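Read the structure below first, then the notes.
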Amino acid sequence: MTMRPIAAATSLAALALTACAAPMADAPVASAAAAPASASEDAIVADLLSRMTLERKVAQLIQPQINSFTPEDMARYRFGSYLNGGNGGPYGDEFAPASEWLRYADEMYEASVRPMANGEPVIPTMWGTDAVHGHTNVVGATIFPHNIGLGATGDADLVRRIGAATAVEIEVTGIDWNFSPTVAVARDDRWGRTYESYSEDPRIVARMGAALVEGLQGAHGDENRLGANRVIATAKHFFGDGGTTQGVDQGDVDGDIERLKAIHAVPYPAAIDAGVETIMASFNSINGTKMHGNEALLTDYLRGELGFDGLVVGDWNGHQQIAGCTVTDCPQSLNAGLDIYMVPDDWKGLMDNLVAQVNDGTVSMARLDEAVGRVLRTKLRAGILGPNARRPSARANAGDYAKLGSADHRAIAREAVAKSQVLLKNSGVLPLRSGADILVAGSAADSIAQSAGGWTLTWQGGGELDNSDFPGATSIWAGISAMAEASGGSATLSADGSYAARPDVAVVVFGEEPYAEFAGDRKNKVFADEEGLDLLRRYRADDIPTVAVFLSGRPMWMNREMNAADAFVASWLPGGEGAGVADVLYGAMPATGRLTFSWPSTCDGDPVNAGDANLLFPVGYGLALDASGAAGTLDERCALLEAASAGWFVNGALEDGVSATAGATALPNLIGSANGIVARGIDRDRQEDAREIQFAPDARLSLSQTGQGGGAYRIAYSIDAAPSAPVLLMVGGNEIDIRRELALSSGKGWREMIITEECAPGLGDALTIRSVAPFTMKISSISRQDVPVGTECSF
């Protein structure tokens with residue numbers, strides 16, 4: 001790996017002076033050519049380590065999230081880095097304007113470089129963020145297509161330009177470090193993070209991932225590598241995250257280790273050759289051993305065989321999943337090769353324990369210095385530490401808010417959208433002819449949030465977001481409307497599909513609701529929402545030609561929709577420039593997108609990869625606009641469509657057909673506040689897989705399911721403090737006071753409540769919880785399940 005050099009004239013004394021005082025706001029922008037590791041870098045790191053106390057060294061390895069600490073905590077403990085989670089924003093506002101992100105970056109930076117009373121060197125902190133398809137935690141940023149769409153473009157140079165544009169927008173807000181690219185090789189599309197993968201083919205992933213690294217950091221030989229217009233990149237998640245059994249997020253990857261490396265480790269040498277400075281350890285296990293504690297892979301393989309000399313960062317409390325570890329006590333991770341613990345909330349306990357473990361020899365001083373040295377080297381290479389260091393607002397692009405979502409960046413995004421569209425069927429209806437009257441139907445047509453998917457303003461995306469939350473962005477409907485008018489035709493939006501005047505063509509936009517990690521895991525690849533199917537069949541009955549535009553984070557079984565449509569476009573999750581979709585539909589851009597994932601022919605949950613029998617379209621498939629193509633009449637039989645889902649709220653997500661409300665106000669995905677209910681995501685076993693529900697006096701939380709269900713209600717819950725007044729469970733016309741049972745359960749951890757016909761005859765398809773007084777409970781799952789007749793209710 002090449003490294004950012006330290007100027008030959010820089011003395012250790014000069015660096016020490018720089019490291020002990022807050023940098024001047026007008027300090028020059030760092031700009032230096034990449035070069036091999038120099039002795040001066042080693043000497044600088046050694047000098048700093050020799051003058052740091054044990055407590056300050058340990059703090060360099062601790063990465064809390066911004067919701068759980070303050071600038072005063074930073075000044076006291078001097079964390080080496082920090083992050084914003086997917087639902088985190090400065091000053092508690094995840095929708096804060098860009099200026100507040102920059103102000104917060106300055107506050108944290110300045111707290112980290114306050115002079116130390118004992119003369120110990122101060123080390124500037126660095127801020128990491130998940131900008132996985134643009135700087136999309138920030139309102140107004142450019143929203144690029146997710147990786148699954150970028151893979152379909154086949155254009156590595158385009159991905160490189162996207163990385164460069166993203167780096168500039170990150171710099172606008174003063175952030176240093178991007179937890180991207182994801183270089184997972186997704187092999188089972190039931191995995192909820194499939195859309196973060198470029199392809200099932202590791203060679204495609206390697207090429208695209210390396211290109212994004214170069215775009216974010218600058219390529220080898222670039223005199224401005226890691227300087228102005230560049231940020232630190234992270235290849236993640238090392239390794240095997242896309243190969244878990246049944247696509248279960250954070251699950252186990254089984255098999256011969258060399259065979260697994262030949263698929264899932266292939267992107268990492270390419271990222272290392274591209275100069276990636278950091279690699280993130282994965283949540284998953286390899287043959288039963290959690291990666292956060294896997295010395296054979298984190299140290300012997302990654303550093304020994306692959307030659308990575310950069311920084312290894314953990315994922316969200318990933319260390320606590322190691323056998324024998326807790327979130328505040330896990331020396332095993334550091335000893336295995338992890339350099340930074342991502343410990344969002346429990347940082348104080350972990351710091352205290354690590355200090356004690358170095359003192360008692362559980363962690364050697366040599367291993368501690370090795371990890372801290374890697375943090376310091378990363379900061380030196382990125383210009384965060386050293387003679388050119390300066391506060392975030394004094395850096396390149398900082399505060400230049402016109403560059404956030406600039407016209408140039410949106411043009412790159414529109415190009416990427418157009419190149420990512422994969423035409424799977426065309427019976428001659430495309431390209432849309434000039435002057436045609438177009439009906440644009442479906443609830444997703446004018447939804448930027450649905451086009452953008454997860455990791456967009458919020459962690460899971462979607463929810464209560466509407467188009468006003470995306471200033472400057474364009475929905476698919478808006479793009480088609482503008483193109484129709486420019487061609488001399490017209491376009492009409494109809495969310496429900498109705499029409500007064502018969503259109504020449506109907507474009508039906510439909511697809512998956514937004515989701516992110518593990519909440520998006522599925523048991524099969526059946527798309528059960530029939531909104532799009534019903535519209536396509538209605539228009540076919542009316543003899544209106546149709547174009548299906550399918551929004552999804554993975555290939556899915558779409559035989560019914562493909563049969564009903566005259567043209568079918570896999571649009572993936574195109575992001576915020578819906579005009580790129582219109583460019584292809586109207587032929588202003590050619591249809592060049594090609595599948596980088598195999599498309600299933602059957603509705604079962606089996607993985608589909610190259611060479612498998614249940615494959616409808618192979619990797620590389622995609623039609624040009626001047627080619628007519630169809631796979632014939634496809635088999636629409638699917639036994640899974642007959643099976644009713646028992647889950648209501650599972651793994652942090654409401655199941656299809658289940659709604660949650662507070663009073664008459666919807667709580668999408670059981671998060672939000674209204675009418676005396678405050679529901680927020682909390683961690684039980686995984687990130688935000690449970691909810692904390694706060695009830696104001698007489699507030700009501702209701703959940704209901706339409707068309708499915710049956711059986712007893714099973715609710716996994718936890719109560720910290722006993723209720724002070726009646727808590728009423730209303731189900732099937734019954735009202736049950738469960739105050740006594742909840743009081744007996746308080747303080748006893750997670751328990752299960754089972755509500756059967758014995759105590760609530762006629763269970764129905766809805767339940768409501770009402771608290772007479774203020775009350776808080778936690779819920780991790782709600783489901784329906786058949787139980788033997790006569791089963792008593794239990795709490």
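A note on labels: chains of the structure tokens are A, B, ... as shown, every chain counts residues from 1, and ligands are counted from 1 in their shown order.
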
Taking the DSSP assignment computed from this structure's backbone, write out as a PyMOL selection string all residues of stretch 691-771 of chain A that belong to strand (DSSP E). chain A and resi 691-695+699-705+712-718+727-731+734-737+751-755+766-771

Can I get the selected residues back with N, CA, C and O atoms, as a short mmCIF file (atom, residue, chain, number, x, y, z; two decimals), in the first residue's frame?
data_model
loop_
_atom_site.label_atom_id
_atom_site.label_comp_id
_atom_site.auth_asym_id
_atom_site.auth_seq_id
_atom_site.Cartn_x
_atom_site.Cartn_y
_atom_site.Cartn_z
N ARG A 691 -38.37 -2.21 20.06
CA ARG A 691 -38.91 -0.86 20.21
C ARG A 691 -39.15 -0.55 21.69
O ARG A 691 -39.57 -1.41 22.46
N GLU A 692 -38.88 0.68 22.08
CA GLU A 692 -39.30 1.20 23.38
C GLU A 692 -40.52 2.09 23.13
O GLU A 692 -40.46 3.02 22.33
N ILE A 693 -41.61 1.77 23.81
CA ILE A 693 -42.87 2.50 23.63
C ILE A 693 -43.18 3.27 24.90
O ILE A 693 -43.35 2.68 25.98
N GLN A 694 -43.25 4.59 24.79
CA GLN A 694 -43.62 5.44 25.92
C GLN A 694 -45.07 5.88 25.74
O GLN A 694 -45.45 6.41 24.69
N PHE A 695 -45.87 5.67 26.79
CA PHE A 695 -47.29 6.02 26.77
C PHE A 695 -47.52 7.24 27.65
O PHE A 695 -47.15 7.24 28.84
N ALA A 699 -52.91 7.26 26.33
CA ALA A 699 -52.45 7.06 24.95
C ALA A 699 -52.71 5.62 24.52
O ALA A 699 -52.69 4.69 25.34
N ARG A 700 -52.90 5.43 23.22
CA ARG A 700 -53.26 4.12 22.69
C ARG A 700 -52.34 3.75 21.53
O ARG A 700 -52.19 4.53 20.58
N LEU A 701 -51.77 2.56 21.61
CA LEU A 701 -51.00 1.99 20.52
C LEU A 701 -51.79 0.83 19.94
O LEU A 701 -52.17 -0.09 20.66
N SER A 702 -52.04 0.87 18.63
CA SER A 702 -52.83 -0.18 17.98
C SER A 702 -52.03 -0.80 16.85
O SER A 702 -51.31 -0.12 16.11
N LEU A 703 -52.17 -2.12 16.70
CA LEU A 703 -51.62 -2.84 15.57
C LEU A 703 -52.71 -3.69 14.96
O LEU A 703 -53.55 -4.24 15.67
N SER A 704 -52.69 -3.79 13.64
CA SER A 704 -53.70 -4.58 12.96
C SER A 704 -53.13 -5.19 11.69
O SER A 704 -52.15 -4.69 11.13
N GLN A 705 -53.75 -6.27 11.26
CA GLN A 705 -53.35 -6.95 10.04
C GLN A 705 -54.60 -7.26 9.24
O GLN A 705 -55.62 -7.68 9.79
N ALA A 712 -53.16 -17.44 18.49
CA ALA A 712 -52.90 -16.62 19.67
C ALA A 712 -51.89 -15.52 19.37
O ALA A 712 -51.03 -15.66 18.49
N TYR A 713 -52.01 -14.43 20.12
CA TYR A 713 -51.01 -13.37 20.05
C TYR A 713 -49.84 -13.74 20.96
O TYR A 713 -50.02 -14.12 22.12
N ARG A 714 -48.60 -13.61 20.44
CA ARG A 714 -47.40 -13.83 21.22
C ARG A 714 -46.58 -12.54 21.16
O ARG A 714 -46.21 -12.09 20.07
N ILE A 715 -46.33 -11.95 22.32
CA ILE A 715 -45.63 -10.67 22.40
C ILE A 715 -44.41 -10.82 23.30
O ILE A 715 -44.55 -11.15 24.49
N ALA A 716 -43.22 -10.60 22.75
CA ALA A 716 -42.00 -10.60 23.55
C ALA A 716 -41.80 -9.18 24.07
O ALA A 716 -41.72 -8.22 23.29
N TYR A 717 -41.72 -9.03 25.39
CA TYR A 717 -41.71 -7.69 25.97
C TYR A 717 -40.80 -7.64 27.19
O TYR A 717 -40.38 -8.66 27.75
N SER A 718 -40.49 -6.41 27.62
CA SER A 718 -39.69 -6.19 28.82
C SER A 718 -40.19 -4.92 29.49
O SER A 718 -40.51 -3.93 28.82
N VAL A 727 -53.13 -0.83 32.84
CA VAL A 727 -52.69 -0.92 31.45
C VAL A 727 -53.64 -1.90 30.78
O VAL A 727 -53.74 -3.07 31.19
N LEU A 728 -54.38 -1.45 29.80
CA LEU A 728 -55.46 -2.22 29.21
C LEU A 728 -55.06 -2.78 27.85
O LEU A 728 -54.60 -2.05 26.97
N LEU A 729 -55.25 -4.08 27.71
CA LEU A 729 -55.05 -4.74 26.44
C LEU A 729 -56.43 -4.97 25.83
O LEU A 729 -57.27 -5.65 26.44
N MET A 730 -56.65 -4.41 24.66
CA MET A 730 -57.96 -4.52 24.00
C MET A 730 -57.81 -5.33 22.73
O MET A 730 -57.06 -4.96 21.83
N VAL A 731 -58.50 -6.49 22.70
CA VAL A 731 -58.39 -7.40 21.57
C VAL A 731 -59.69 -8.18 21.45
O VAL A 731 -60.26 -8.63 22.44
N ASN A 734 -62.57 -7.46 23.67
CA ASN A 734 -62.31 -7.66 25.10
C ASN A 734 -61.37 -6.57 25.60
O ASN A 734 -60.51 -6.07 24.88
N GLU A 735 -61.51 -6.21 26.87
CA GLU A 735 -60.62 -5.26 27.52
C GLU A 735 -60.06 -5.93 28.78
O GLU A 735 -60.82 -6.24 29.70
N ILE A 736 -58.76 -6.15 28.77
CA ILE A 736 -58.11 -6.90 29.85
C ILE A 736 -57.10 -5.99 30.54
O ILE A 736 -56.21 -5.44 29.88
N ASP A 737 -57.23 -5.83 31.83
CA ASP A 737 -56.26 -5.05 32.60
C ASP A 737 -55.07 -5.95 32.93
O ASP A 737 -55.20 -6.93 33.67
N ARG A 751 -39.60 -11.23 28.52
CA ARG A 751 -40.59 -12.28 28.80
C ARG A 751 -41.55 -12.38 27.61
O ARG A 751 -41.52 -11.53 26.71
N GLU A 752 -42.41 -13.38 27.63
CA GLU A 752 -43.38 -13.54 26.56
C GLU A 752 -44.80 -13.52 27.10
O GLU A 752 -45.11 -14.17 28.10
N MET A 753 -45.65 -12.76 26.43
CA MET A 753 -47.06 -12.67 26.74
C MET A 753 -47.82 -13.44 25.66
O MET A 753 -47.60 -13.22 24.46
N ILE A 754 -48.69 -14.36 26.05
CA ILE A 754 -49.49 -15.14 25.11
C ILE A 754 -50.96 -14.87 25.40
O ILE A 754 -51.44 -15.15 26.50
N ILE A 755 -51.66 -14.33 24.42
CA ILE A 755 -53.08 -14.00 24.56
C ILE A 755 -53.87 -14.97 23.70
O ILE A 755 -53.73 -14.99 22.48
N ALA A 766 -56.79 -7.32 15.31
CA ALA A 766 -56.24 -6.05 15.80
C ALA A 766 -56.08 -6.13 17.31
O ALA A 766 -56.85 -6.83 18.00
N LEU A 767 -55.07 -5.44 17.81
CA LEU A 767 -54.92 -5.31 19.26
C LEU A 767 -54.52 -3.88 19.59
O LEU A 767 -53.87 -3.20 18.79
N THR A 768 -54.93 -3.42 20.76
CA THR A 768 -54.63 -2.08 21.24
C THR A 768 -54.14 -2.16 22.68
O THR A 768 -54.70 -2.91 23.49
N ILE A 769 -53.11 -1.39 22.99
CA ILE A 769 -52.63 -1.25 24.36
C ILE A 769 -52.87 0.20 24.78
O ILE A 769 -52.45 1.13 24.08
N ARG A 770 -53.56 0.37 25.91
CA ARG A 770 -53.83 1.72 26.43
C ARG A 770 -53.38 1.78 27.88
O ARG A 770 -53.69 0.90 28.68
N SER A 771 -52.63 2.84 28.21
CA SER A 771 -52.17 3.02 29.58
C SER A 771 -52.88 4.22 30.20
O SER A 771 -52.91 5.31 29.60
#

Using only C-alpha atoms, what does the table of stretch 32-93 of chain A residues within 10 Å of stretch 170-179 of chain A look like, with each row giving the shortest atom pair and its distance in Å to one decimal, sorted by chain and ascending number, as a Markdown table?
| residue | atom | partner | partner_atom | distance |
| --- | --- | --- | --- | --- |
| A:Ser81 | CA | A:Trp177 | CA | 9.5 |
| A:Tyr82 | CA | A:Trp177 | CA | 9.9 |
| A:Leu83 | CA | A:Trp177 | CA | 9.1 |

Taking the chain letters and numbering used in this document, name the residues of stretch 234-461 of chain A that DSSP puts in alpha helix (DSSP H), as a PyMOL selection string. chain A and resi 257-264+267-273+295+331-336+347-359+365-381+407-420+448-452

What's the 9 Å shell around A:Phe238, counting only C-alpha atoms, without same-chain residues fewer than 4 positions away, as a ChimeraX atom specification? /A:183-184,264-265,268,279-284,291,297-298,302

Please list as a ChimeraX atom specification every residue within 12 Å of A:Ala639, counting only C-alpha atoms and excluding residues in the same chain fewer than 5 positions away. /A:524,526,528,602-605,644

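With only C-alpha atoms as the atoms that count, the minimum distance from A:Ala519 to the choices A:Ser420, A:Asn359, A:Asn287, A:Gln250 is reached by A:Gln250.
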
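Straight-line separation from atom CA of A:Leu306 to atom CA of A:Glu258: 13.8 Å.
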
9 Å contact set for A:Gly349, only C-alpha atoms, chain neighbours under 2 positions out, as a ChimeraX atom specification: /A:327-329,346-347,351-354

Produce a file of the selected residues containing N, CA and C atoms, as a compact mmCIF listing (two decimals), in the first residue's frame.
# COMPACT_ATOMS: atom_id res chain seq x y z
N VAL A 327 -20.60 -6.10 25.75
CA VAL A 327 -20.35 -4.85 25.03
C VAL A 327 -19.27 -4.01 25.73
N THR A 328 -19.07 -4.20 27.03
CA THR A 328 -18.08 -3.41 27.76
C THR A 328 -16.84 -4.21 28.14
N ASP A 329 -16.77 -5.47 27.73
CA ASP A 329 -15.65 -6.31 28.17
C ASP A 329 -15.32 -7.30 27.06
N ASP A 346 -21.92 2.38 25.00
CA ASP A 346 -21.34 1.87 26.24
C ASP A 346 -19.83 2.09 26.29
N TRP A 347 -19.39 3.22 25.78
CA TRP A 347 -17.97 3.50 25.62
C TRP A 347 -17.23 3.62 26.95
N MET A 351 -13.91 1.46 27.88
CA MET A 351 -12.64 2.14 28.13
C MET A 351 -12.03 1.71 29.46
N ASP A 352 -12.84 1.73 30.48
CA ASP A 352 -12.33 1.38 31.82
C ASP A 352 -11.79 -0.04 31.83
N ASN A 353 -12.50 -0.96 31.21
CA ASN A 353 -12.05 -2.34 31.20
C ASN A 353 -10.79 -2.54 30.39
N LEU A 354 -10.68 -1.86 29.24
CA LEU A 354 -9.48 -2.01 28.43
C LEU A 354 -8.25 -1.47 29.16

Best match for closeness to A:Arg259 among A:Val113, A:Leu439, A:Ile286, A:Ala396, counting only C-alpha atoms: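 Answer, going by the shortest atom-to-atom distance: A:Ile286.
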
Using only C-alpha atoms, which of the listed residues (A:Gly314, A:Gly218, A:Pro555, A:Gly383) sits closest to A:Asp188?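 Comparing A:Gly314, A:Gly218, A:Pro555, A:Gly383 against A:Asp188, the winner is A:Pro555.
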
Could you please determine the separation between atom CA of A:Arg367 and atom CA of A:Ile44 in Å, to one decimal place? 18.1 Å

Env of stretch 461-473 of chain A: 9 Å cut, atoms = only C-alpha atoms, seq-sep filter 6 positions within chain, self excluded. Answer as a PDB file with N, CA and C atoms, in the first residue's frame.
ATOM      1  N   PHE A  95     -32.352  15.360  10.809  1.00  0.00           N
ATOM      2  CA  PHE A  95     -32.659  16.140   9.618  1.00  0.00           C
ATOM      3  C   PHE A  95     -32.034  17.536   9.684  1.00  0.00           C
ATOM      4  N   VAL A 139     -29.733  16.152   4.481  1.00  0.00           N
ATOM      5  CA  VAL A 139     -30.773  16.694   3.610  1.00  0.00           C
ATOM      6  C   VAL A 139     -30.136  17.515   2.490  1.00  0.00           C
ATOM      7  N   GLY A 140     -30.549  17.249   1.249  1.00  0.00           N
ATOM      8  CA  GLY A 140     -30.075  18.006   0.105  1.00  0.00           C
ATOM      9  C   GLY A 140     -28.917  17.375  -0.633  1.00  0.00           C
ATOM     10  N   ALA A 141     -28.337  16.303  -0.086  1.00  0.00           N
ATOM     11  CA  ALA A 141     -27.212  15.644  -0.758  1.00  0.00           C
ATOM     12  C   ALA A 141     -27.691  14.884  -1.991  1.00  0.00           C
ATOM     13  N   THR A 142     -26.774  14.646  -2.903  1.00  0.00           N
ATOM     14  CA  THR A 142     -27.082  13.852  -4.083  1.00  0.00           C
ATOM     15  C   THR A 142     -27.315  12.399  -3.677  1.00  0.00           C
ATOM     16  N   ILE A 143     -28.389  11.788  -4.178  1.00  0.00           N
ATOM     17  CA  ILE A 143     -28.721  10.399  -3.863  1.00  0.00           C
ATOM     18  C   ILE A 143     -28.430   9.559  -5.105  1.00  0.00           C
ATOM     19  N   GLY A 405     -25.388  18.337  -3.417  1.00  0.00           N
ATOM     20  CA  GLY A 405     -26.457  18.198  -4.391  1.00  0.00           C
ATOM     21  C   GLY A 405     -26.306  19.134  -5.569  1.00  0.00           C
ATOM     22  N   SER A 406     -25.073  19.418  -5.954  1.00  0.00           N
ATOM     23  CA  SER A 406     -24.832  20.348  -7.056  1.00  0.00           C
ATOM     24  C   SER A 406     -25.358  19.782  -8.368  1.00  0.00           C
ATOM     25  N   ARG A 410     -25.629  15.865  -9.548  1.00  0.00           N
ATOM     26  CA  ARG A 410     -26.920  15.284  -9.933  1.00  0.00           C
ATOM     27  C   ARG A 410     -26.882  14.767 -11.374  1.00  0.00           C
ATOM     28  N   ASP A 446     -44.342   8.543  -7.574  1.00  0.00           N
ATOM     29  CA  ASP A 446     -43.947   9.890  -7.149  1.00  0.00           C
ATOM     30  C   ASP A 446     -43.320   9.863  -5.762  1.00  0.00           C
ATOM     31  N   SER A 447     -42.669   8.748  -5.411  1.00  0.00           N
ATOM     32  CA  SER A 447     -42.050   8.608  -4.101  1.00  0.00           C
ATOM     33  C   SER A 447     -40.532   8.518  -4.236  1.00  0.00           C
ATOM     34  N   ILE A 448     -39.841   9.611  -3.934  1.00  0.00           N
ATOM     35  CA  ILE A 448     -38.378   9.592  -3.960  1.00  0.00           C
ATOM     36  C   ILE A 448     -37.857   8.663  -2.870  1.00  0.00           C
ATOM     37  N   ALA A 449     -38.534   8.632  -1.722  1.00  0.00           N
ATOM     38  CA  ALA A 449     -38.088   7.775  -0.626  1.00  0.00           C
ATOM     39  C   ALA A 449     -38.075   6.312  -1.049  1.00  0.00           C
ATOM     40  N   GLN A 450     -39.097   5.868  -1.767  1.00  0.00           N
ATOM     41  CA  GLN A 450     -39.138   4.472  -2.186  1.00  0.00           C
ATOM     42  C   GLN A 450     -38.094   4.193  -3.249  1.00  0.00           C
ATOM     43  N   ALA A 452     -35.250   5.621  -3.393  1.00  0.00           N
ATOM     44  CA  ALA A 452     -33.933   5.716  -2.755  1.00  0.00           C
ATOM     45  C   ALA A 452     -33.637   4.519  -1.870  1.00  0.00           C
ATOM     46  N   GLY A 453     -34.654   3.933  -1.233  1.00  0.00           N
ATOM     47  CA  GLY A 453     -34.444   2.766  -0.389  1.00  0.00           C
ATOM     48  C   GLY A 453     -33.837   3.108   0.956  1.00  0.00           C
ATOM     49  N   GLY A 454     -33.222   2.110   1.586  1.00  0.00           N
ATOM     50  CA  GLY A 454     -32.632   2.275   2.908  1.00  0.00           C
ATOM     51  C   GLY A 454     -31.395   3.154   2.887  1.00  0.00           C
ATOM     52  N   TRP A 455     -30.902   3.479   4.081  1.00  0.00           N
ATOM     53  CA  TRP A 455     -29.726   4.350   4.222  1.00  0.00           C
ATOM     54  C   TRP A 455     -29.929   5.679   3.499  1.00  0.00           C
ATOM     55  N   GLU A 513     -40.870  -1.814  -0.365  1.00  0.00           N
ATOM     56  CA  GLU A 513     -40.747  -0.688   0.532  1.00  0.00           C
ATOM     57  C   GLU A 513     -39.302  -0.636   1.048  1.00  0.00           C
ATOM     58  N   PRO A 514     -38.810   0.543   1.431  1.00  0.00           N
ATOM     59  CA  PRO A 514     -37.414   0.655   1.874  1.00  0.00           C
ATOM     60  C   PRO A 514     -37.121  -0.186   3.115  1.00  0.00           C
ATOM     61  N   TYR A 515     -35.889  -0.643   3.201  1.00  0.00           N
ATOM     62  CA  TYR A 515     -35.416  -1.409   4.350  1.00  0.00           C
ATOM     63  C   TYR A 515     -33.894  -1.346   4.355  1.00  0.00           C
ATOM     64  N   ALA A 516     -33.310  -1.705   5.474  1.00  0.00           N
ATOM     65  CA  ALA A 516     -31.859  -1.827   5.588  1.00  0.00           C
ATOM     66  C   ALA A 516     -31.542  -3.145   6.267  1.00  0.00           C
ATOM     67  N   GLY A 575     -32.558   5.975  -6.619  1.00  0.00           N
ATOM     68  CA  GLY A 575     -32.164   7.161  -5.858  1.00  0.00           C
ATOM     69  C   GLY A 575     -32.961   8.387  -6.208  1.00  0.00           C
ATOM     70  N   GLY A 576     -32.285   9.527  -6.288  1.00  0.00           N
ATOM     71  CA  GLY A 576     -32.958  10.811  -6.353  1.00  0.00           C
ATOM     72  C   GLY A 576     -33.042  11.464  -7.712  1.00  0.00           C
ATOM     73  N   GLU A 577     -32.644  10.758  -8.763  1.00  0.00           N
ATOM     74  CA  GLU A 577     -32.699  11.367 -10.098  1.00  0.00           C
ATOM     75  C   GLU A 577     -33.558  10.501 -11.015  1.00  0.00           C
ATOM     76  N   GLY A 578     -34.870  10.559 -10.773  1.00  0.00           N
ATOM     77  CA  GLY A 578     -35.809   9.740 -11.515  1.00  0.00           C
ATOM     78  C   GLY A 578     -35.849  10.035 -12.993  1.00  0.00           C
ATOM     79  N   ALA A 666     -50.550   7.062  11.740  1.00  0.00           N
ATOM     80  CA  ALA A 666     -49.711   5.911  11.444  1.00  0.00           C
ATOM     81  C   ALA A 666     -48.323   6.065  12.047  1.00  0.00           C
ATOM     82  N   LEU A 667     -47.769   4.955  12.508  1.00  0.00           N
ATOM     83  CA  LEU A 667     -46.375   4.889  12.968  1.00  0.00           C
ATOM     84  C   LEU A 667     -45.649   3.918  12.047  1.00  0.00           C
ATOM     85  N   PRO A 668     -45.113   4.392  10.919  1.00  0.00           N
ATOM     86  CA  PRO A 668     -44.458   3.483   9.979  1.00  0.00           C
ATOM     87  C   PRO A 668     -43.332   2.702  10.647  1.00  0.00           C
ATOM     88  N   ASN A 669     -43.377   1.412  10.455  1.00  0.00           N
ATOM     89  CA  ASN A 669     -42.379   0.508  11.034  1.00  0.00           C
ATOM     90  C   ASN A 669     -42.295   0.621  12.546  1.00  0.00           C
ATOM     91  N   ILE A 671     -42.205   3.220  14.499  1.00  0.00           N
ATOM     92  CA  ILE A 671     -41.289   4.268  14.959  1.00  0.00           C
ATOM     93  C   ILE A 671     -41.970   5.609  14.731  1.00  0.00           C
ATOM     94  N   GLY A 672     -41.851   6.508  15.719  1.00  0.00           N
ATOM     95  CA  GLY A 672     -42.388   7.858  15.578  1.00  0.00           C
ATOM     96  C   GLY A 672     -43.112   8.288  16.837  1.00  0.00           C
TER      97      GLY A 672
END

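Counting from atom CA of A:Ser781, the distance to atom CA of A:Gly520 is 15.4 Å.
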
Pick out the closest residue to A:Gln60 from this set: A:Leu376, A:Ala271, A:Ala165, A:Ala366. Count only C-alpha atoms.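 Nearest to A:Gln60: A:Leu376.
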
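Of the listed residues (A:Glu512, A:Asp93, A:Glu295, A:Asp635), A:Glu512 comes nearest to A:Ser451; the distances count only C-alpha atoms.
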
Please provide the set of residues having any atom within 10 Å of A:Pro269, restricted to only C-alpha atoms, with same-chain residues fewer than 3 positions apart removed, written as a PyMOL selection string. chain A and resi 206+210+265-266+272-276+302+305-308

For A:Val313, which of A:Pro431, A:Asn559, A:Ala43, A:Leu61 is the closest residue, counting only C-alpha atoms?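 Looking only at the distances to A:Val313, the closest residue turns out to be A:Leu61.
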